[in-house]
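S.K.: Sharing work_25.cif, mmCIF, C-alpha atoms:
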data_final
#
loop_
_atom_site.label_atom_id
_atom_site.label_comp_id
_atom_site.auth_asym_id
_atom_site.auth_seq_id
_atom_site.Cartn_x
_atom_site.Cartn_y
_atom_site.Cartn_z
CA MET A 283 1.52 -2.51 -31.75
CA GLU A 284 -1.79 -1.68 -33.29
CA VAL A 285 -0.86 -0.36 -36.68
CA THR A 286 -3.95 0.00 -38.79
CA GLY A 287 -3.94 -1.98 -41.97
CA ASN A 288 -3.79 0.78 -44.53
CA LEU A 289 -0.50 2.26 -43.40
CA LYS A 290 1.99 2.31 -46.22
CA THR A 291 5.59 3.24 -46.60
CA ALA A 292 6.64 6.05 -48.88
CA ARG A 293 8.33 3.54 -51.13
CA GLU A 294 5.14 1.50 -51.50
CA MET A 295 3.27 4.65 -52.48
CA GLY A 296 5.85 5.53 -55.10
CA LEU A 297 7.11 8.38 -53.00
CA VAL A 298 10.48 9.18 -51.57
CA ALA A 299 10.78 10.54 -48.04
CA CYS A 300 13.28 13.08 -46.79
CA THR A 301 15.03 11.77 -43.70
CA GLU A 302 15.89 15.30 -42.64
CA CYS A 303 12.53 17.12 -42.72
CA MET A 304 10.11 14.21 -43.35
CA ARG A 305 8.59 15.75 -46.49
CA VAL A 306 7.58 13.26 -49.14
CA SER A 307 8.21 13.86 -52.82
CA PRO A 308 7.42 11.86 -55.95
CA ARG A 309 9.93 9.11 -56.63
CA GLY A 310 12.77 10.42 -58.77
CA THR A 311 13.03 13.82 -57.12
CA ALA A 312 16.74 14.50 -56.63
CA SER A 313 16.69 16.78 -53.62
CA CYS A 314 14.06 17.72 -51.09
CA PRO A 315 12.15 20.86 -52.07
CA ARG A 316 11.79 21.82 -48.41
CA CYS A 317 15.27 21.34 -46.99
CA GLY A 318 17.51 20.57 -49.92
CA HIS A 319 18.59 17.20 -48.50
CA THR A 320 19.54 14.59 -51.10
CA LEU A 321 16.62 12.21 -51.53
CA ARG A 322 17.09 8.47 -51.64
CA SER A 323 14.30 6.02 -51.10
CA ARG A 324 16.89 3.66 -49.62
CA ASP A 325 20.61 4.27 -49.53
CA PRO A 326 21.89 1.64 -51.98
CA TYR A 327 25.38 1.83 -50.51
CA SER A 328 24.20 1.77 -46.90
CA LEU A 329 25.47 -1.70 -46.08
CA GLN A 330 28.76 -1.23 -47.90
CA LYS A 331 29.42 1.91 -45.88
CA VAL A 332 28.36 0.19 -42.66
CA TRP A 333 30.80 -2.66 -43.27
CA ALA A 334 33.62 -0.36 -44.37
CA TRP A 335 33.44 1.80 -41.24
CA TRP A 336 32.80 -1.26 -39.12
CA LEU A 337 36.02 -2.91 -40.31
CA VAL A 338 38.14 0.20 -39.78
CA GLY A 339 36.54 0.63 -36.37
CA LEU A 340 37.31 -2.94 -35.38
CA GLY A 341 40.84 -2.52 -36.76
CA CYS A 342 41.35 0.42 -34.42
CA TYR A 343 39.74 -1.30 -31.46
CA ILE A 344 42.40 -4.03 -31.43
CA PRO A 345 45.43 -1.74 -30.86
CA ALA A 346 43.25 0.23 -28.47
CA ASN A 347 43.31 -2.83 -26.24
CA LEU A 348 46.93 -3.83 -26.80
CA TYR A 349 48.63 -0.49 -26.20
CA PRO A 350 48.59 1.22 -22.81
CA MET A 351 45.79 3.69 -22.20
CA LEU A 352 47.47 5.47 -19.28
CA GLU A 353 51.06 5.67 -18.13
CA THR A 354 51.36 6.42 -14.43
CA LYS A 355 54.61 7.44 -12.79
CA THR A 356 54.78 7.80 -9.03
CA LEU A 357 57.66 8.23 -6.61
CA VAL A 358 58.21 4.55 -6.30
CA SER A 359 56.85 3.01 -9.42
CA SER A 360 56.06 3.50 -13.05
CA GLN A 361 53.42 1.51 -14.82
CA SER A 362 51.42 1.53 -17.99
CA ASP A 363 47.96 0.06 -18.05
CA THR A 364 45.91 -1.23 -20.91
CA ILE A 365 42.14 -0.90 -20.61
CA VAL A 366 41.63 -4.43 -19.32
CA GLY A 367 44.87 -4.34 -17.31
CA GLY A 368 43.75 -1.21 -15.48
CA ALA A 369 40.45 -2.80 -14.57
CA VAL A 370 42.14 -5.98 -13.36
CA GLU A 371 44.49 -3.85 -11.27
CA LEU A 372 41.55 -2.10 -9.65
CA ALA A 373 39.81 -5.39 -8.97
CA HIS A 374 42.94 -6.73 -7.28
CA GLY A 375 42.97 -3.62 -5.14
CA GLY A 376 39.48 -4.55 -3.98
CA ASN A 377 37.83 -1.83 -6.06
CA TRP A 378 35.33 -4.18 -7.68
CA GLY A 379 32.68 -1.57 -8.38
CA VAL A 380 34.87 0.75 -10.40
CA ALA A 381 36.52 -2.19 -12.17
CA THR A 382 33.15 -3.52 -13.27
CA ILE A 383 32.06 -0.11 -14.54
CA ILE A 384 35.26 0.27 -16.56
CA LEU A 385 34.92 -3.21 -18.02
CA ILE A 386 31.31 -2.55 -18.99
CA ALA A 387 31.96 0.90 -20.45
CA SER A 388 35.19 0.24 -22.33
CA VAL A 389 34.97 -3.43 -23.21
CA LEU A 390 31.44 -4.78 -23.07
CA ILE A 391 29.70 -1.83 -24.74
CA PRO A 392 32.19 -1.39 -27.63
CA VAL A 393 32.16 -5.13 -28.34
CA ALA A 394 28.38 -5.20 -28.14
CA LYS A 395 28.25 -2.30 -30.61
CA PHE A 396 30.34 -4.23 -33.12
CA VAL A 397 28.20 -7.34 -32.69
CA VAL A 398 24.89 -5.47 -32.98
CA LEU A 399 25.96 -3.47 -36.04
CA ALA A 400 27.16 -6.62 -37.77
CA GLY A 401 23.96 -8.37 -36.78
CA LEU A 402 21.79 -5.60 -38.20
CA ALA A 403 23.71 -5.57 -41.48
CA ILE A 404 23.65 -9.36 -41.77
CA GLY A 405 19.95 -9.29 -40.97
CA VAL A 406 19.26 -7.03 -43.94
CA TRP A 407 21.49 -9.11 -46.19
CA TYR A 408 20.46 -12.67 -45.35
CA GLY A 409 17.08 -12.20 -43.75
CA PRO A 410 16.67 -11.38 -40.10
CA ARG A 411 16.47 -13.68 -37.14
CA ALA A 412 14.84 -11.16 -34.83
CA THR A 413 11.60 -9.24 -35.15
CA GLN A 414 11.61 -5.79 -36.72
CA GLY A 415 10.72 -4.16 -33.43
CA ARG A 416 13.63 -5.78 -31.66
CA ARG A 417 16.10 -4.89 -34.40
CA HIS A 418 14.83 -1.34 -34.37
CA VAL A 419 15.41 -1.08 -30.63
CA LEU A 420 18.95 -2.43 -31.07
CA TYR A 421 19.59 0.12 -33.80
CA GLU A 422 18.32 2.96 -31.62
CA ILE A 423 20.54 1.83 -28.74
CA VAL A 424 23.65 1.64 -30.92
CA GLU A 425 22.85 5.02 -32.46
CA TYR A 426 22.38 6.56 -29.04
CA ILE A 427 25.20 4.95 -27.12
CA GLY A 428 27.90 5.36 -29.77
CA ARG A 429 29.05 8.84 -28.89
CA TRP A 430 29.06 8.15 -25.15
CA SER A 431 32.01 5.80 -25.57
CA MET A 432 34.13 8.90 -26.11
CA ILE A 433 33.89 9.39 -22.35
CA ASP A 434 36.94 7.13 -21.91
CA VAL A 435 39.07 9.43 -24.01
CA PHE A 436 37.84 12.46 -22.07
CA VAL A 437 38.64 10.78 -18.77
CA VAL A 438 42.17 10.09 -20.00
CA ALA A 439 42.47 13.75 -21.07
CA ILE A 440 41.29 15.02 -17.69
CA LEU A 441 43.44 12.63 -15.67
CA SER A 442 46.61 13.32 -17.62
CA SER A 443 46.23 17.08 -17.70
CA LEU A 444 45.36 17.22 -14.01
CA VAL A 445 47.72 14.70 -12.45
CA GLN A 446 51.00 16.49 -13.10
CA LEU A 447 52.38 16.52 -9.56
CA GLN A 448 56.07 16.60 -10.37
CA THR A 449 57.72 13.67 -8.64
CA ILE A 450 54.72 12.50 -6.63
CA ALA A 451 52.61 11.36 -9.52
CA THR A 452 52.29 12.07 -13.20
CA ILE A 453 49.89 10.53 -15.66
CA THR A 454 50.46 10.66 -19.40
CA PRO A 455 48.10 9.40 -22.06
CA GLY A 456 49.09 6.22 -23.84
CA ARG A 457 48.86 5.38 -27.49
CA ALA A 458 45.68 3.38 -27.01
CA SER A 459 43.73 6.59 -26.40
CA LEU A 460 44.13 7.64 -30.03
CA PHE A 461 43.08 4.23 -31.34
CA PHE A 462 40.16 4.09 -28.94
CA ALA A 463 38.95 7.52 -30.10
CA LEU A 464 39.29 6.50 -33.74
CA SER A 465 37.41 3.29 -33.05
CA VAL A 466 34.55 5.26 -31.46
CA ILE A 467 34.44 7.70 -34.38
CA PHE A 468 34.40 4.92 -36.96
CA THR A 469 31.67 2.94 -35.21
CA MET A 470 29.60 6.14 -35.00
CA LEU A 471 30.03 6.60 -38.75
CA SER A 472 29.14 2.96 -39.28
CA ALA A 473 25.92 3.33 -37.28
CA GLN A 474 25.05 6.56 -39.08
CA SER A 475 25.52 4.87 -42.47
CA PHE A 476 22.95 2.24 -41.62
CA ASP A 477 19.69 3.10 -43.34
CA SER A 478 17.19 2.18 -40.63
CA ARG A 479 14.40 1.87 -43.18
CA LEU A 480 16.04 -1.34 -44.38
CA ILE A 481 15.03 -2.95 -41.08
CA TRP A 482 11.39 -2.46 -41.90
CA ASP A 483 11.65 -3.42 -45.55
CA THR A 484 12.69 -7.00 -45.36
CA ASN A 485 9.31 -8.28 -44.29
CA SER A 486 6.78 -5.93 -45.76
CA ALA A 487 8.15 -5.10 -49.19
CA GLY A 488 10.63 -7.92 -49.27
CA MET A 489 8.04 -10.61 -49.73
CA ALA A 490 6.73 -9.26 -53.00
CA PRO A 491 8.67 -8.55 -56.17
CA ASP A 492 9.92 -4.98 -56.07
CA ARG A 493 9.40 -2.37 -58.70
CA ALA A 494 12.09 -3.70 -60.98
CA GLY A 495 10.33 -7.05 -60.92
CA ARG A 496 13.04 -8.87 -59.05
CA ILE A 497 11.86 -11.46 -56.64
CA PRO A 498 13.84 -11.09 -53.48
CA GLY A 499 15.65 -14.16 -52.37
CA ARG A 500 18.65 -14.66 -50.22
CA ARG A 501 21.25 -12.01 -50.78
CA ARG A 502 18.92 -9.79 -52.69
CA THR A 503 20.53 -6.78 -54.28
CA LEU A 504 18.87 -3.68 -52.99
CA ALA A 505 17.01 -1.69 -55.56
CA ARG A 506 18.68 1.60 -56.22
CA GLY A 507 17.07 4.59 -54.54
CA ASN A 508 15.29 6.99 -56.84
CA MET B 1174 3.00 14.88 -21.72
CA ALA B 1175 0.40 13.84 -24.20
CA GLU B 1176 1.71 11.29 -26.61
CA ARG B 1177 -0.35 10.42 -29.55
CA GLN B 1178 0.05 7.76 -32.10
CA ILE B 1179 -0.99 9.02 -35.46
CA ALA B 1180 -1.88 5.72 -37.00
CA GLU B 1181 -5.30 6.88 -38.01
CA THR B 1182 -3.95 9.22 -40.61
CA MET B 1183 -3.56 7.56 -43.96
CA GLY B 1184 -6.76 6.84 -45.79
CA ALA B 1185 -8.90 7.42 -42.73
CA GLY B 1186 -11.27 9.97 -44.18
CA GLY B 1187 -11.81 8.23 -47.50
CA ASN B 1188 -8.65 9.84 -48.75
CA GLU B 1189 -6.99 6.77 -50.13
CA PRO B 1190 -3.37 7.24 -51.10
CA ARG B 1191 -3.34 8.14 -54.70
CA ALA B 1192 -1.77 5.99 -57.37
CA PRO B 1193 1.89 6.70 -57.91
CA GLY B 1194 2.76 8.74 -60.94
CA ALA B 1195 -0.01 11.28 -60.61
CA GLY B 1196 2.64 14.01 -60.91
CA ASP B 1197 1.16 17.33 -59.85
CA GLU B 1198 -1.30 15.86 -57.44
CA LEU B 1199 1.49 14.02 -55.71
CA HIS B 1200 3.52 17.15 -55.52
CA GLN B 1201 0.67 18.85 -53.75
CA LEU B 1202 0.26 15.81 -51.57
CA GLY B 1203 3.90 16.17 -50.58
CA ALA B 1204 3.02 19.23 -48.56
CA GLU B 1205 0.41 17.48 -46.46
CA LEU B 1206 2.10 14.14 -45.99
CA ILE B 1207 5.09 13.23 -43.89
CA ALA B 1208 7.05 10.02 -43.72
CA CYS B 1209 8.76 8.67 -40.64
CA PRO B 1210 12.47 9.21 -41.20
CA THR B 1211 13.29 5.99 -39.38
CA CYS B 1212 10.86 3.50 -40.90
CA ASP B 1213 9.37 5.26 -43.95
CA LEU B 1214 5.68 5.01 -42.98
CA VAL B 1215 3.61 7.78 -44.49
CA TYR B 1216 1.20 9.88 -42.48
CA ARG B 1217 -1.09 12.75 -43.19
CA VAL B 1218 0.35 15.66 -41.20
CA PRO B 1219 -1.62 15.58 -37.94
CA GLN B 1220 -2.75 18.58 -35.97
CA VAL B 1221 -0.45 18.45 -32.99
CA ALA B 1222 -1.13 20.81 -30.14
CA SER B 1223 1.62 22.42 -28.12
CA TYR B 1224 3.26 19.97 -25.69
CA GLU B 1225 1.73 17.06 -27.56
CA ARG B 1226 3.90 14.68 -29.49
CA ALA B 1227 3.07 12.82 -32.66
CA VAL B 1228 4.80 9.46 -32.54
CA CYS B 1229 5.23 6.95 -35.34
CA ALA B 1230 2.85 4.07 -34.74
CA ARG B 1231 5.36 1.49 -35.90
CA CYS B 1232 8.79 2.52 -34.61
CA HIS B 1233 7.81 5.13 -32.00
CA THR B 1234 10.11 7.79 -33.40
CA VAL B 1235 8.93 11.22 -32.32
CA LEU B 1236 7.84 12.94 -35.51
CA ILE B 1237 6.39 16.25 -34.42
CA SER B 1238 6.66 17.80 -30.96
CA PRO B 1239 5.76 21.45 -31.14
CA ARG B 1240 6.01 23.73 -28.13
CA ARG B 1241 4.66 27.18 -27.84
CA LYS B 1242 7.51 29.68 -27.81
CA ALA B 1243 10.02 26.87 -28.40
CA GLY B 1244 12.00 29.13 -30.72
CA LYS B 1245 12.57 31.80 -28.08
CA GLN B 1246 13.42 29.23 -25.43
CA LEU B 1247 15.82 27.49 -27.77
CA ILE B 1248 17.61 30.74 -28.50
CA ALA B 1249 17.79 31.52 -24.80
CA LEU B 1250 19.16 28.07 -24.00
CA SER B 1251 21.62 28.11 -26.89
CA LEU B 1252 22.93 31.52 -25.89
CA THR B 1253 23.36 30.37 -22.31
CA VAL B 1254 25.24 27.25 -23.35
CA LEU B 1255 27.38 29.28 -25.75
CA ILE B 1256 28.31 31.73 -23.00
CA LEU B 1257 29.02 28.85 -20.61
CA ILE B 1258 31.34 27.17 -23.13
CA VAL B 1259 33.28 30.36 -23.83
CA ALA B 1260 33.48 31.24 -20.13
CA ALA B 1261 34.51 27.70 -19.20
CA CYS B 1262 37.52 28.09 -21.47
CA THR B 1263 38.75 31.10 -19.52
CA PHE B 1264 37.91 30.24 -15.92
CA PRO B 1265 39.94 27.75 -13.86
CA PHE B 1266 38.67 24.22 -14.37
CA LEU B 1267 40.16 21.78 -11.87
CA SER B 1268 43.05 21.86 -9.50
CA ILE B 1269 44.65 19.04 -7.63
CA GLY B 1270 46.75 18.96 -4.49
CA ALA B 1271 48.65 16.14 -2.86
CA ALA B 1272 51.52 16.28 -0.38
CA GLY B 1273 51.93 20.00 -0.77
CA VAL B 1274 52.20 20.02 -4.54
CA HIS B 1275 49.51 21.76 -6.56
CA HIS B 1276 48.54 21.69 -10.17
CA ASP B 1277 45.81 23.50 -12.10
CA ALA B 1278 44.29 22.50 -15.38
CA SER B 1279 42.10 24.60 -17.63
CA ILE B 1280 39.69 23.25 -20.21
CA LEU B 1281 42.06 24.13 -23.01
CA GLN B 1282 44.97 22.41 -21.27
CA THR B 1283 42.79 19.36 -20.82
CA ALA B 1284 41.80 19.29 -24.45
CA LEU B 1285 45.38 19.80 -25.60
CA THR B 1286 46.92 17.28 -23.25
CA PHE B 1287 47.68 14.78 -26.00
CA SER B 1288 51.06 15.61 -27.52
CA GLY B 1289 53.63 13.96 -29.72
CA ASN B 1290 52.07 11.08 -31.65
CA LEU B 1291 48.70 11.95 -30.21
CA THR B 1292 48.46 15.60 -31.31
CA LEU B 1293 45.65 14.72 -33.69
CA LEU B 1294 43.63 13.55 -30.72
CA SER B 1295 44.12 16.91 -28.96
CA LEU B 1296 42.60 18.60 -31.97
CA ALA B 1297 39.70 16.14 -32.05
CA VAL B 1298 38.97 16.59 -28.34
CA LEU B 1299 39.08 20.38 -28.70
CA PHE B 1300 36.61 20.15 -31.56
CA PHE B 1301 34.28 17.73 -29.76
CA ILE B 1302 34.01 19.68 -26.52
CA VAL B 1303 34.39 23.33 -27.58
CA VAL B 1304 34.40 24.09 -31.30
CA ILE B 1305 31.59 21.87 -32.55
CA PRO B 1306 29.11 22.60 -29.72
CA ALA B 1307 29.75 26.33 -30.10
CA LEU B 1308 29.42 26.19 -33.88
CA ARG B 1309 26.25 24.14 -33.73
CA LEU B 1310 24.54 26.48 -31.28
CA SER B 1311 25.66 29.58 -33.19
CA LEU B 1312 24.10 28.16 -36.35
CA LEU B 1313 20.92 27.34 -34.46
CA ILE B 1314 20.67 30.89 -33.16
CA TYR B 1315 21.34 32.24 -36.64
CA VAL B 1316 18.52 30.12 -38.05
CA LEU B 1317 15.98 30.77 -35.30
CA ALA B 1318 16.54 34.48 -34.69
CA PRO B 1319 14.61 35.72 -37.75
CA ILE B 1320 11.90 33.06 -37.36
CA ILE B 1321 10.85 34.07 -33.87
CA ARG B 1322 10.43 37.65 -35.02
CA ASP B 1323 8.28 36.47 -37.93
CA LYS B 1324 10.84 37.70 -40.43
CA PRO B 1325 11.76 35.78 -43.57
CA PRO B 1326 14.50 33.20 -42.96
CA ALA B 1327 18.10 34.40 -42.93
CA PRO B 1328 20.16 33.83 -46.07
CA LEU B 1329 21.43 30.24 -46.28
CA ALA B 1330 19.28 29.36 -43.27
CA ARG B 1331 18.42 25.96 -44.74
CA GLN B 1332 22.05 25.05 -45.20
CA ALA B 1333 22.90 26.41 -41.76
CA PHE B 1334 20.21 24.29 -40.09
CA ALA B 1335 21.24 21.20 -42.05
CA VAL B 1336 24.85 21.63 -40.88
CA SER B 1337 23.70 22.28 -37.33
CA GLU B 1338 21.68 19.05 -37.36
CA ALA B 1339 24.57 17.07 -38.84
CA LEU B 1340 26.83 18.31 -36.03
CA VAL B 1341 24.54 17.10 -33.24
CA PRO B 1342 26.11 13.65 -32.76
CA TRP B 1343 29.60 15.17 -32.78
CA SER B 1344 28.85 17.82 -30.19
CA MET B 1345 30.07 16.16 -27.02
CA ALA B 1346 30.25 18.87 -24.37
CA GLU B 1347 27.80 17.01 -22.13
CA ILE B 1348 29.75 13.77 -22.49
CA PHE B 1349 32.89 15.61 -21.40
CA ALA B 1350 31.04 16.87 -18.34
CA ILE B 1351 30.13 13.33 -17.32
CA GLY B 1352 33.75 12.38 -18.04
CA CYS B 1353 34.83 14.94 -15.42
CA ALA B 1354 32.68 13.22 -12.84
CA VAL B 1355 34.18 9.82 -13.68
CA ALA B 1356 37.74 11.16 -13.54
CA LEU B 1357 37.09 12.77 -10.18
CA VAL B 1358 35.71 9.55 -8.74
CA LYS B 1359 38.90 7.82 -9.82
CA LEU B 1360 41.06 10.49 -8.22
CA SER B 1361 39.10 11.17 -5.08
CA ASP B 1362 40.92 8.75 -2.81
CA MET B 1363 44.39 9.69 -4.09
CA ALA B 1364 44.36 13.46 -3.99
CA ASP B 1365 42.31 16.54 -3.14
CA VAL B 1366 40.58 17.88 -6.19
CA VAL B 1367 39.17 21.39 -6.22
CA TYR B 1368 36.47 22.27 -8.71
CA GLY B 1369 36.91 25.61 -10.44
CA PRO B 1370 34.00 27.61 -11.87
CA ALA B 1371 34.54 26.00 -15.29
CA ALA B 1372 33.76 22.58 -13.85
CA TRP B 1373 30.42 23.82 -12.49
CA MET B 1374 29.66 25.46 -15.81
CA PHE B 1375 30.08 22.14 -17.57
CA ALA B 1376 27.84 20.50 -14.98
CA ILE B 1377 25.06 23.01 -15.72
CA LEU B 1378 25.67 22.49 -19.40
CA VAL B 1379 24.57 18.84 -19.22
CA VAL B 1380 21.11 19.87 -18.05
CA LEU B 1381 20.82 22.65 -20.61
CA VAL B 1382 21.89 20.43 -23.52
CA VAL B 1383 19.29 17.84 -22.57
CA ALA B 1384 16.65 20.59 -22.33
CA THR B 1385 17.64 21.89 -25.78
CA ASP B 1386 17.22 18.43 -27.29
CA ARG B 1387 13.78 18.04 -25.72
CA LEU B 1388 12.64 21.40 -27.09
CA MET B 1389 13.85 20.86 -30.63
CA CYS B 1390 11.16 19.97 -33.11
CA ARG B 1391 12.99 19.56 -36.39
CA TYR B 1392 9.78 19.36 -38.34
CA SER B 1393 8.48 22.67 -37.02
CA ILE B 1394 11.77 24.41 -37.77
CA TRP B 1395 11.99 23.06 -41.31
CA LYS B 1396 8.37 24.01 -41.83
CA SER B 1397 9.03 27.58 -40.79
CA LEU B 1398 12.07 27.78 -43.04
CA GLU B 1399 9.90 26.91 -45.99
CA THR B 1400 9.13 30.08 -47.90
#
Would you put the structure from the file into structure tokens?
M.R.:
Amino acid sequence: MEVTGNLKTAREMGLVACTECMRVSPRGTASCPRCGHTLRSRDPYSLQKVWAWWLVGLGCYIPANLYPMLETKTLVSSQSDTIVGGAVELAHGGNWGVATIILIASVLIPVAKFVVLAGLAIGVWYGPRATQGRRHVLYEIVEYIGRWSMIDVFVVAILSSLVQLQTIATITPGRASLFFALSVIFTMLSAQSFDSRLIWDTNSAGMAPDRAGRIPGRRRTLARGN
Amino acid sequence: MAERQIAETMGAGGNEPRAPGAGDELHQLGAELIACPTCDLVYRVPQVASYERAVCARCHTVLISPRRKAGKQLIALSLTVLILIVAACTFPFLSIGAAGVHHDASILQTALTFSGNLTLLSLAVLFFIVVIPALRLSLLIYVLAPIIRDKPPAPLARQAFAVSEALVPWSMAEIFAIGCAVALVKLSDMADVVYGPAAWMFAILVVLVVATDRLMCRYSIWKSLET
């Protein structure tokens, strides 16, 4: 990346940027004169919010895996499948492709989201292990992919509203679907609460004492916005 | 598509960033500077031609991506999607047949399939796939309609656009459409599934939603809402 030397952040210039419309205002302005968005140089509660949503999200993800996602009744059998159980079932039936896709979409990606979000937050708190560019890419991925996890819930909705074939086969949604949806919603909120500008701060501004004169060390308290 | 990094902006023409605290001057400066919303780097607002994109030099976030006639196209797309969503709620969606037994499901039935303990989820699904997308696009049309006719912004246009932007991540119609495809793959070897018009409407919707996102230039819209 060839960033020329004299590029500065709004914070370094004593300005505060609007994340909604990109206008910059002098530090201390309460709301953006262009779009009315509340102005904060950095969200001082960003990490607290990230962790709060993260914990609730994780709390919901556990029952989402323990309870059945789908309950299938056919002429001869009746079974309820958890997310992993359903995938294992498919794999046993020789349907390896679909099983892998389900495992990736409903297990690997949600778990990866939790890990990445925690990693980003810890990186801001204790000093990062990865480069800014890499952390930024991870943040973008989590931001982007979050809402797509809702696809599982939609699939359950479609299957259970469609497969109502009296005695031949009926599918009803299991309790896990609610917890899975909640888990997706909470991780989305967690990702949204993360102030991405913190990724770029730790190296550039973090090395020098900030405006309040504090020298950042481990577990530096973030200077209040405005 | 021309992509341009705008790293040359700050301080390039001898215009060094002024010292903080120079009140009025800074206020004026605010109109000609922008900061990347993702990484906070400040740029002098570049001249970006239609179909060009100004990209942050550090984090590659697209800052400005103006298109000629984007407003009109956005309204056209939004209206189309809005009509598709409303129509999809009334037309047959999917029907299934196996061993002589048939069952139809509409979009609304699908959304409201969670009952008992899960009623809350029904409401959420209905909001994600119908209510929020429709609301978001209606707000967008409300905001853009006066702008494309060079009229002053509609009352509360700023608030309307802010709400519309906040709803974007929660508007999941296109995700639902992909969900249909996944569900049908799962069912295909067990039963015959017939696609109703509503299913095709949702399929078209995916493309249109992506097109809408590509056309949107938040900066240009906020700029035109500034009076």
S.K.: With only C-alpha atoms as the counted atoms, please give the residues lying no more than 8 Å from Pro1326 in chain B, apart from itself and same-chain residues fewer than 6 positions off, as a ChimeraX atom specification.
M.R.: /B:1316,1319-1320,1398,1400
S.K.: CA of Arg1309 in chain B and CA of Asp434 in chain A, how far apart in Å?
M.R.: 23.3 Å
S.K.: Tell me, as a CSV table (one decimal) with C-alpha atoms, keeping the file's coordinate frame, which residues lie within 10 Å of Ile384 in chain A, counting all atoms listed in the file; anything in the same chain fewer than 5 positions away does not count.
M.R.:
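As written to disk, part29.csv reads:
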chain,number,residue,atom,x,y,z
A,365,ILE,CA,42.1,-0.9,-20.6
A,366,VAL,CA,41.6,-4.4,-19.3
A,368,GLY,CA,43.8,-1.2,-15.5
A,369,ALA,CA,40.4,-2.8,-14.6
A,370,VAL,CA,42.1,-6.0,-13.4
A,372,LEU,CA,41.6,-2.1,-9.6
A,378,TRP,CA,35.3,-4.2,-7.7
A,379,GLY,CA,32.7,-1.6,-8.4
A,389,VAL,CA,35.0,-3.4,-23.2
A,390,LEU,CA,31.4,-4.8,-23.1
A,434,ASP,CA,36.9,7.1,-21.9
S.K.: Selection in question (the file shown): the PyMOL selection byres ((chain A) within 7 of (chain B)). Which residues does it include, as a PyMOL selection string?
M.R.: chain A and resi 283+285-286+288-292+295-296+299-301+303-308+316-317+429-430+433+436-437+439-444+446-447+455+460+478-479+482
S.K.: One number please: CA of Ile383 in chain A to CA of Val332 in chain A, in Å, one decimal.
M.R.: 28.4 Å
S.K.: Once the PyMOL selection byres ((chain A and resi 324) around 7) has been evaluated on this model, what residues remain selected, and can you format them as a list of chain:residue names?
M.R.: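 On the file shown, the PyMOL selection byres ((chain A and resi 324) around 7) covers A:Arg322, A:Ser323, A:Asp325, A:Pro326, A:Asp477, A:Gly507.
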S.K.: How far is it from CA of Leu329 in chain A to CA of Met470 in chain A, in Å with one decimal?
M.R.: 14.2 Å
S.K.: Excluding same-chain residues fewer than 5 positions from range 1255-1262 of chain B, what lies within 8 Å of it counting only C-alpha atoms, as a list in words?
M.R.: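 Non-adjacent residues within range: Ser1279, Ile1280, Leu1281, Val1303, Pro1306, Ala1307, Leu1310, Ser1311, Pro1370, Ala1371, Ala1372, Met1374, Phe1375 and Leu1378 of chain B.
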S.K.: Could you take the residues named above and write them with C-alpha atoms, as an mmCIF file, keeping the file's coordinate frame?
M.R.:
data_model
loop_
_atom_site.group_PDB
_atom_site.id
_atom_site.type_symbol
_atom_site.label_atom_id
_atom_site.label_comp_id
_atom_site.auth_asym_id
_atom_site.auth_seq_id
_atom_site.Cartn_x
_atom_site.Cartn_y
_atom_site.Cartn_z
ATOM 1 C CA SER B 1279 42.100 24.600 -17.630
ATOM 2 C CA ILE B 1280 39.690 23.250 -20.210
ATOM 3 C CA LEU B 1281 42.060 24.130 -23.010
ATOM 4 C CA VAL B 1303 34.390 23.330 -27.580
ATOM 5 C CA PRO B 1306 29.110 22.600 -29.720
ATOM 6 C CA ALA B 1307 29.750 26.330 -30.100
ATOM 7 C CA LEU B 1310 24.540 26.480 -31.280
ATOM 8 C CA SER B 1311 25.660 29.580 -33.190
ATOM 9 C CA PRO B 1370 34.000 27.610 -11.870
ATOM 10 C CA ALA B 1371 34.540 26.000 -15.290
ATOM 11 C CA ALA B 1372 33.760 22.580 -13.850
ATOM 12 C CA MET B 1374 29.660 25.460 -15.810
ATOM 13 C CA PHE B 1375 30.080 22.140 -17.570
ATOM 14 C CA LEU B 1378 25.670 22.490 -19.400
#
